[in-house]
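So this block is run_6.cif, mmCIF, C-alpha atoms and all ligand atoms:
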```cif
data_model
loop_
_atom_site.label_atom_id
_atom_site.label_comp_id
_atom_site.auth_asym_id
_atom_site.auth_seq_id
_atom_site.Cartn_x
_atom_site.Cartn_y
_atom_site.Cartn_z
CA MET A 190 -7.23 7.11 -5.65
CA VAL A 191 -6.84 10.74 -4.62
CA LYS A 192 -3.30 11.64 -3.61
CA ASP A 193 -2.28 14.91 -2.06
CA ARG A 194 0.62 15.16 -4.51
CA LYS A 195 -0.32 16.24 -8.04
CA LEU A 196 0.79 13.75 -10.67
CA ILE A 197 3.58 14.93 -12.96
CA ILE A 198 4.00 13.11 -16.26
CA ALA A 199 6.95 14.08 -18.43
CA GLY A 200 8.06 13.00 -21.87
CA ASN A 201 11.81 12.56 -22.28
CA TRP A 202 12.37 12.71 -26.01
CA LYS A 203 16.07 11.82 -25.59
CA MET A 204 18.14 12.32 -28.78
CA ASN A 205 15.10 12.23 -31.06
CA LYS A 206 13.25 14.76 -33.24
CA THR A 207 14.61 17.54 -35.40
CA ALA A 208 13.22 20.97 -34.63
CA ALA A 209 10.59 20.51 -37.35
CA GLU A 210 9.59 17.03 -36.13
CA ALA A 211 9.44 18.35 -32.58
CA LEU A 212 6.95 21.02 -33.61
CA ASP A 213 4.69 18.41 -35.19
CA LEU A 214 4.84 16.30 -32.06
CA VAL A 215 4.18 19.12 -29.62
CA ASN A 216 1.29 20.45 -31.69
CA GLY A 217 -0.23 16.98 -31.64
CA ILE A 218 0.23 16.71 -27.87
CA LYS A 219 -1.36 20.12 -27.39
CA ARG A 220 -4.41 19.10 -29.39
CA GLU A 221 -4.79 15.83 -27.51
CA LEU A 222 -4.39 17.29 -24.04
CA ALA A 223 -5.84 20.79 -24.32
CA ASN A 224 -8.24 20.44 -21.40
CA VAL A 225 -6.23 18.37 -18.96
CA LYS A 226 -5.65 20.15 -15.66
CA GLU A 227 -5.43 17.23 -13.26
CA VAL A 228 -1.82 16.36 -14.15
CA ASP A 229 1.31 18.49 -14.54
CA ILE A 230 2.37 17.73 -18.12
CA VAL A 231 5.97 18.31 -19.22
CA VAL A 232 7.79 17.71 -22.51
CA CYS A 233 11.58 17.56 -22.69
CA PRO A 234 12.79 17.95 -26.27
CA PRO A 235 16.45 18.13 -27.29
CA PHE A 236 18.14 21.55 -26.92
CA THR A 237 17.86 22.33 -30.64
CA ALA A 238 14.06 22.14 -30.47
CA LEU A 239 13.55 24.18 -27.28
CA ALA A 240 12.99 27.51 -29.02
CA GLY A 241 10.30 26.24 -31.37
CA VAL A 242 8.56 24.06 -28.82
CA SER A 243 8.62 26.90 -26.32
CA GLU A 244 6.79 29.18 -28.73
CA ALA A 245 4.26 26.45 -29.55
CA LEU A 246 3.54 26.01 -25.83
CA LEU A 247 2.84 29.68 -25.07
CA ASN A 248 -0.44 29.94 -23.12
CA SER A 249 -0.83 26.17 -22.95
CA ASN A 250 -1.23 23.74 -20.06
CA ILE A 251 2.02 21.97 -20.99
CA ARG A 252 5.36 22.88 -19.46
CA LEU A 253 8.80 22.70 -21.01
CA GLY A 254 11.77 20.74 -19.69
CA ALA A 255 15.37 20.21 -20.83
CA GLN A 256 17.30 16.95 -20.67
CA ASN A 257 20.50 18.18 -19.04
CA MET A 258 22.38 21.35 -18.14
CA SER A 259 25.79 22.47 -16.93
CA GLU A 260 26.61 22.87 -13.28
CA ASN A 261 28.43 26.08 -14.29
CA GLY A 262 27.24 29.53 -15.19
CA PRO A 263 27.98 30.95 -18.66
CA GLY A 264 31.65 30.81 -19.59
CA ALA A 265 34.36 28.83 -21.35
CA PHE A 266 32.71 25.38 -21.33
CA THR A 267 32.57 24.24 -24.95
CA GLY A 268 29.48 22.28 -25.84
CA GLU A 269 27.66 22.96 -22.57
CA ILE A 270 24.37 24.77 -21.88
CA ALA A 271 23.89 27.02 -18.84
CA ALA A 272 20.69 27.57 -16.86
CA PRO A 273 20.02 31.14 -18.10
CA MET A 274 20.03 29.82 -21.69
CA LEU A 275 17.22 27.46 -20.73
CA LYS A 276 15.33 30.15 -18.84
CA GLU A 277 15.28 32.28 -21.98
CA PHE A 278 12.93 29.71 -23.52
CA SER A 279 10.70 29.42 -20.45
CA VAL A 280 12.09 26.03 -19.51
CA ARG A 281 10.72 25.06 -16.06
CA TYR A 282 12.20 21.60 -15.50
CA VAL A 283 15.51 19.92 -16.25
CA ILE A 284 16.21 16.19 -16.20
CA LEU A 285 19.48 15.52 -14.33
CA GLY A 286 21.48 12.35 -13.90
CA HIS A 287 19.50 10.23 -16.33
CA SER A 288 20.90 6.69 -16.34
CA GLU A 289 22.07 7.17 -19.94
CA ARG A 290 24.20 10.11 -18.80
CA ARG A 291 25.37 8.21 -15.73
CA GLN A 292 26.39 5.37 -18.05
CA PHE A 293 27.72 7.11 -21.19
CA GLN A 294 28.96 10.43 -19.77
CA LYS A 295 30.00 8.86 -16.46
CA GLU A 296 28.10 11.45 -14.44
CA PRO A 297 28.60 10.82 -10.73
CA ASP A 298 26.23 11.74 -7.89
CA ASP A 299 28.26 14.73 -6.71
CA LEU A 300 28.15 16.30 -10.17
CA ILE A 301 24.40 15.73 -10.31
CA ALA A 302 24.08 17.41 -6.91
CA ARG A 303 25.98 20.45 -8.21
CA LYS A 304 23.73 20.55 -11.27
CA ALA A 305 20.64 20.34 -9.06
CA ALA A 306 21.90 23.25 -6.95
CA ALA A 307 22.62 25.27 -10.11
CA ALA A 308 19.15 24.51 -11.46
CA HIS A 309 17.48 25.68 -8.26
CA ALA A 310 19.63 28.82 -8.21
CA SER A 311 17.96 29.70 -11.53
CA ALA A 312 14.50 28.58 -10.38
CA LEU A 313 14.51 25.51 -12.63
CA LYS A 314 13.00 22.39 -11.09
CA PRO A 315 15.33 19.40 -11.42
CA ILE A 316 14.01 15.94 -12.23
CA VAL A 317 16.75 13.85 -10.61
CA CYS A 318 16.97 10.30 -11.92
CA VAL A 319 18.03 7.24 -9.93
CA GLY A 320 17.82 3.52 -10.55
CA GLU A 321 19.63 0.21 -10.34
CA THR A 322 20.95 -1.99 -13.16
CA LEU A 323 19.79 -5.55 -13.67
CA ALA A 324 23.03 -6.89 -12.17
CA GLU A 325 22.49 -4.74 -9.08
CA ARG A 326 18.88 -5.92 -8.68
CA GLU A 327 19.95 -9.54 -9.07
CA ALA A 328 22.67 -9.02 -6.48
CA ASN A 329 19.99 -7.70 -4.09
CA ILE A 330 21.64 -4.32 -3.73
CA THR A 331 18.84 -2.20 -5.22
CA GLU A 332 18.23 -0.30 -1.97
CA LYS A 333 21.93 0.25 -1.36
CA ILE A 334 22.42 1.65 -4.89
CA VAL A 335 19.25 3.75 -5.05
CA GLY A 336 19.73 4.99 -1.47
CA SER A 337 23.24 6.21 -2.16
CA GLN A 338 22.16 7.82 -5.46
CA VAL A 339 19.36 9.71 -3.67
CA ARG A 340 21.65 10.83 -0.83
CA GLY A 341 24.48 11.78 -3.19
CA SER A 342 22.42 13.52 -5.87
CA LEU A 343 20.37 15.59 -3.41
CA ALA A 344 23.28 16.38 -1.08
CA GLY A 345 23.25 19.93 0.22
CA LEU A 346 19.66 20.80 -0.76
CA SER A 347 17.48 22.55 1.79
CA ARG A 348 14.03 21.24 2.75
CA GLU A 349 12.42 24.02 0.72
CA LEU A 350 14.39 23.15 -2.40
CA VAL A 351 13.95 19.40 -2.18
CA GLU A 352 10.20 19.98 -2.21
CA GLU A 353 10.70 21.71 -5.56
CA THR A 354 12.69 18.73 -6.85
CA VAL A 355 11.17 15.77 -8.64
CA ILE A 356 12.79 12.35 -8.28
CA ALA A 357 12.49 9.84 -11.11
CA TYR A 358 12.99 6.20 -10.19
CA GLU A 359 14.01 4.46 -13.40
CA PRO A 360 15.26 0.90 -13.05
CA VAL A 361 17.88 0.69 -15.81
CA TRP A 362 16.70 -2.78 -16.81
CA ALA A 363 13.23 -1.41 -17.57
CA ILE A 364 14.35 1.46 -19.82
CA GLY A 365 13.59 0.88 -23.48
CA THR A 366 13.28 -2.85 -22.92
CA GLY A 367 9.53 -3.24 -22.78
CA LYS A 368 10.05 -4.77 -19.31
CA THR A 369 8.23 -2.71 -16.70
CA ALA A 370 8.84 -3.06 -13.00
CA SER A 371 5.90 -4.86 -11.43
CA ALA A 372 3.57 -2.72 -9.39
CA GLN A 373 5.03 -4.23 -6.22
CA GLN A 374 8.64 -3.63 -7.30
CA ALA A 375 7.88 0.00 -8.20
CA GLN A 376 5.91 0.70 -5.01
CA ASP A 377 8.61 -0.91 -2.84
CA VAL A 378 11.41 1.24 -4.24
CA HIS A 379 9.30 4.41 -4.22
CA ALA A 380 8.41 3.85 -0.56
CA PHE A 381 12.06 3.17 0.17
CA ILE A 382 13.08 6.46 -1.53
CA ARG A 383 10.47 8.34 0.54
CA GLY A 384 11.97 6.75 3.63
CA VAL A 385 15.44 7.97 2.64
CA LEU A 386 13.99 11.48 2.16
CA SER A 387 12.47 11.30 5.66
CA GLU A 388 15.87 10.46 7.08
CA MET A 389 17.65 13.18 5.08
CA PHE A 390 15.01 15.86 5.72
CA ASP A 391 11.84 15.03 7.69
CA ASP A 392 8.56 13.18 7.25
CA ALA A 393 6.53 16.19 6.16
CA THR A 394 9.09 17.12 3.52
CA ALA A 395 9.31 13.54 2.27
CA ARG A 396 5.53 13.43 1.90
CA ARG A 397 5.59 16.50 -0.36
CA VAL A 398 8.27 15.30 -2.83
CA ARG A 399 6.97 13.85 -6.07
CA ILE A 400 8.56 10.59 -7.21
CA GLN A 401 8.04 9.55 -10.83
CA TYR A 402 8.42 6.04 -12.19
CA GLY A 403 10.18 5.55 -15.53
CA GLY A 404 10.92 2.49 -17.64
CA SER A 405 8.64 1.19 -20.42
CA VAL A 406 5.61 3.19 -19.25
CA LYS A 407 2.87 2.87 -21.85
CA PRO A 408 -0.89 3.43 -22.10
CA SER A 409 -1.61 -0.14 -21.01
CA ASN A 410 0.35 -0.04 -17.74
CA ALA A 411 -0.01 3.64 -16.77
CA ARG A 412 -3.19 3.27 -14.75
CA GLU A 413 -1.85 0.57 -12.46
CA LEU A 414 1.51 2.30 -11.93
CA MET A 415 0.01 5.74 -11.30
CA SER A 416 -2.44 4.38 -8.76
CA LEU A 417 0.35 3.13 -6.47
CA PRO A 418 0.50 5.09 -3.21
CA ASP A 419 4.07 6.38 -3.62
CA VAL A 420 4.13 6.80 -7.41
CA ASP A 421 3.43 10.42 -8.31
CA GLY A 422 3.95 10.46 -12.04
CA ALA A 423 5.96 9.06 -14.90
CA LEU A 424 9.02 9.84 -16.96
CA VAL A 425 8.21 8.42 -20.37
CA GLY A 426 10.72 7.69 -23.14
CA GLY A 427 9.64 5.77 -26.24
CA ALA A 428 5.89 6.16 -25.71
CA ALA A 429 6.31 9.95 -25.45
CA LEU A 430 7.50 10.19 -29.07
CA GLU A 431 3.99 9.86 -30.40
CA ALA A 432 1.22 12.30 -29.43
CA ARG A 433 -1.51 9.71 -29.10
CA SER A 434 0.39 7.29 -26.86
CA PHE A 435 1.73 10.07 -24.61
CA ALA A 436 -1.79 11.51 -24.33
CA ASP A 437 -3.26 8.08 -23.61
CA ILE A 438 -0.79 7.56 -20.77
CA ILE A 439 -1.97 10.84 -19.24
CA ARG A 440 -5.67 10.16 -19.83
CA ASN A 441 -5.33 6.67 -18.34
CA SER A 442 -3.64 8.12 -15.24
CA ILE A 443 -6.41 10.54 -14.28
P1 LIG A 501 11.33 4.17 -22.01
O1 LIG A 501 9.98 4.72 -21.63
O2 LIG A 501 11.60 4.22 -23.48
O3 LIG A 501 11.59 2.85 -21.38
O4 LIG A 501 12.43 5.19 -21.40
C1 LIG A 501 12.32 5.55 -20.06
C2 LIG A 501 13.25 6.66 -19.80
O5 LIG A 501 14.46 6.48 -19.80
C3 LIG A 501 12.68 7.99 -19.57
O6 LIG A 501 13.64 8.88 -19.09
#
```
Do you think you could lay out the structure here as structure tokens?
Ligand code: 13P
Amino acid sequence: MVKDRKLIIAGNWKMNKTAAEALDLVNGIKRELANVKEVDIVVCPPFTALAGVSEALLNSNIRLGAQNMSENGPGAFTGEIAAPMLKEFSVRYVILGHSERRQFQKEPDDLIARKAAAAHASALKPIVCVGETLAEREANITEKIVGSQVRGSLAGLSRELVEETVIAYEPVWAIGTGKTASAQQAQDVHAFIRGVLSEMFDDATARRVRIQYGGSVKPSNARELMSLPDVDGALVGGAALEARSFADIIRNSI
């Protein structure tokens, strides 16, 4: 199916790969995907590998992303990373509000919104993650949870900037579990998110925002998920840690 939104498929390497291992992986991905132009391809290594991966990606069709950043500019914030430090390595995207950070670092929506604003102020495109837990799905409050995450995490953005924002719908129960949302479950939530964007902004804006699916995406399920009308890409964890499987996901999505 031809969509008017270009697919964006990103690998979230999470807390994996030393700088040396990251170079091996990115060189493998480059070889596998050298001629692919139909999809925006992004890799998000850990901070310590950004410099090396950035150099390896010079003049390639693959873009660089980070996995988090501070809502603050440079200053006395021990252990944090500011947007200009990412820009130095040609980082274009930054994952914000991943469910692991929402869970383990207790990141709330308003902090994620401040990070998204800070990212845009430095011309970094945020990939803002939302998604319900299993308990929330079973309690039938998926739309309530995801709706308030979308509203809270994108609060204050202009129409122009939300169009430069990627949303990743990642049901927490599907992350790293091998359990993928069914095509119907994914499409339903993606369409719901687009509806929330229409209410927050307008229909035309909502139609231009790319919404990725994440949660146990692999080569065998990528084609079906990527063909759904409101699914515009994937945020891939485990299957992005190996060049062949990440490349197969992308090839199967075209
Ligand atoms: P898995 O693909 O390992 O389920 O992880 C998904 C994810 O959290 C990507 O951000």
Mind listing the residues within 6 Å of ligand LIG 501 (chain A), all atoms listed in the file counted, as a compact mmCIF listing (two decimals) with C-alpha atoms, keeping the file's coordinate frame?
```
# COMPACT_ATOMS: atom_id res chain seq x y z
CA ASN A 201 11.81 12.56 -22.28
CA ALA A 363 13.23 -1.41 -17.57
CA ILE A 364 14.35 1.46 -19.82
CA GLY A 365 13.59 0.88 -23.48
CA GLY A 403 10.18 5.55 -15.53
CA GLY A 404 10.92 2.49 -17.64
CA SER A 405 8.64 1.19 -20.42
CA VAL A 406 5.61 3.19 -19.25
CA LEU A 424 9.02 9.84 -16.96
CA VAL A 425 8.21 8.42 -20.37
CA GLY A 426 10.72 7.69 -23.14
CA GLY A 427 9.64 5.77 -26.24
CA ALA A 428 5.89 6.16 -25.71
```
Range 310-357 of chain A residues near range 255-266 of chain A within 10 Å, closest pair each, using only C-alpha atoms, as JSON lines:
```
{"residue": "A:Ser311", "atom": "CA", "partner": "A:Gly262", "partner_atom": "CA", "distance": 10.0}
{"residue": "A:Leu313", "atom": "CA", "partner": "A:Ala255", "partner_atom": "CA", "distance": 9.8}
{"residue": "A:Pro315", "atom": "CA", "partner": "A:Asn257", "partner_atom": "CA", "distance": 9.3}
{"residue": "A:Ile316", "atom": "CA", "partner": "A:Gln256", "partner_atom": "CA", "distance": 9.1}
```
Got a sec: who's within 12 Å of range 322-328 of chain A, counting only C-alpha atoms, leaving out chain neighbours fewer than 5 positions off, as a PDB file with C-alpha atoms, keeping the file's coordinate frame?
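Written output follows (out.pdb):
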```pdb
ATOM      1  CA  SER A 288      20.900   6.690 -16.340  1.00  0.00           C
ATOM      2  CA  GLU A 289      22.070   7.170 -19.940  1.00  0.00           C
ATOM      3  CA  ARG A 291      25.370   8.210 -15.730  1.00  0.00           C
ATOM      4  CA  GLN A 292      26.390   5.370 -18.050  1.00  0.00           C
ATOM      5  CA  LYS A 333      21.930   0.250  -1.360  1.00  0.00           C
ATOM      6  CA  ILE A 334      22.420   1.650  -4.890  1.00  0.00           C
ATOM      7  CA  VAL A 335      19.250   3.750  -5.050  1.00  0.00           C
ATOM      8  CA  TYR A 358      12.990   6.200 -10.190  1.00  0.00           C
ATOM      9  CA  GLU A 359      14.010   4.460 -13.400  1.00  0.00           C
ATOM     10  CA  PRO A 360      15.260   0.900 -13.050  1.00  0.00           C
ATOM     11  CA  VAL A 361      17.880   0.690 -15.810  1.00  0.00           C
ATOM     12  CA  TRP A 362      16.700  -2.780 -16.810  1.00  0.00           C
ATOM     13  CA  ALA A 363      13.230  -1.410 -17.570  1.00  0.00           C
ATOM     14  CA  ILE A 364      14.350   1.460 -19.820  1.00  0.00           C
ATOM     15  CA  THR A 366      13.280  -2.850 -22.920  1.00  0.00           C
ATOM     16  CA  LYS A 368      10.050  -4.770 -19.310  1.00  0.00           C
ATOM     17  CA  ALA A 370       8.840  -3.060 -13.000  1.00  0.00           C
ATOM     18  CA  GLN A 374       8.640  -3.630  -7.300  1.00  0.00           C
ATOM     19  CA  VAL A 378      11.410   1.240  -4.240  1.00  0.00           C
ATOM     20  CA  GLY A 404      10.920   2.490 -17.640  1.00  0.00           C
TER      21      GLY A 404
END
```
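Proximity of A:Gly241, A:Pro235, A:Gly268, A:Pro408 to Trp202 in chain A, computed with all atoms listed in the file, is greatest for A:Pro235.
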As a PyMOL selection string, please: the residues near Glu227 in chain A (cut-off 9 Å, all atoms listed in the file, same-chain neighbours under 2 positions excluded).
chain A and resi 195-196+225+229+443
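Atom to atom, CA of Leu239 in chain A and CA of Phe278 in chain A stand 6.7 Å apart.
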Could you check which of A:Glu352, A:Glu332, A:Glu277, A:Glu321 is closest to His309 in chain A, using all atoms listed in the file?
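Result for the nearest residue to His309 in chain A: A:Glu352.
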Please compute the CA of Ala306 in chain A-CA of Ile230 in chain A distance, one decimal, in Å.
23.2 Å
Determine the nearest neighbour of Ala395 in chain A from the options A:Gln373, A:Thr354, A:Asn441, A:Ser416, counting only C-alpha atoms.
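Distance minimum relative to Ala395 in chain A lands on A:Thr354.
With all atoms listed in the file as the atoms that count, the residue of A:Ile439, A:Ala432, A:Ile330, A:Val355 with the shortest distance to Leu212 in chain A is A:Ala432.
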Hey, can you check how far CA of Thr369 in chain A sits from CA of Ala436 in chain A?
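CA of Ala436 in chain A lies 19.0 Å from CA of Thr369 in chain A.
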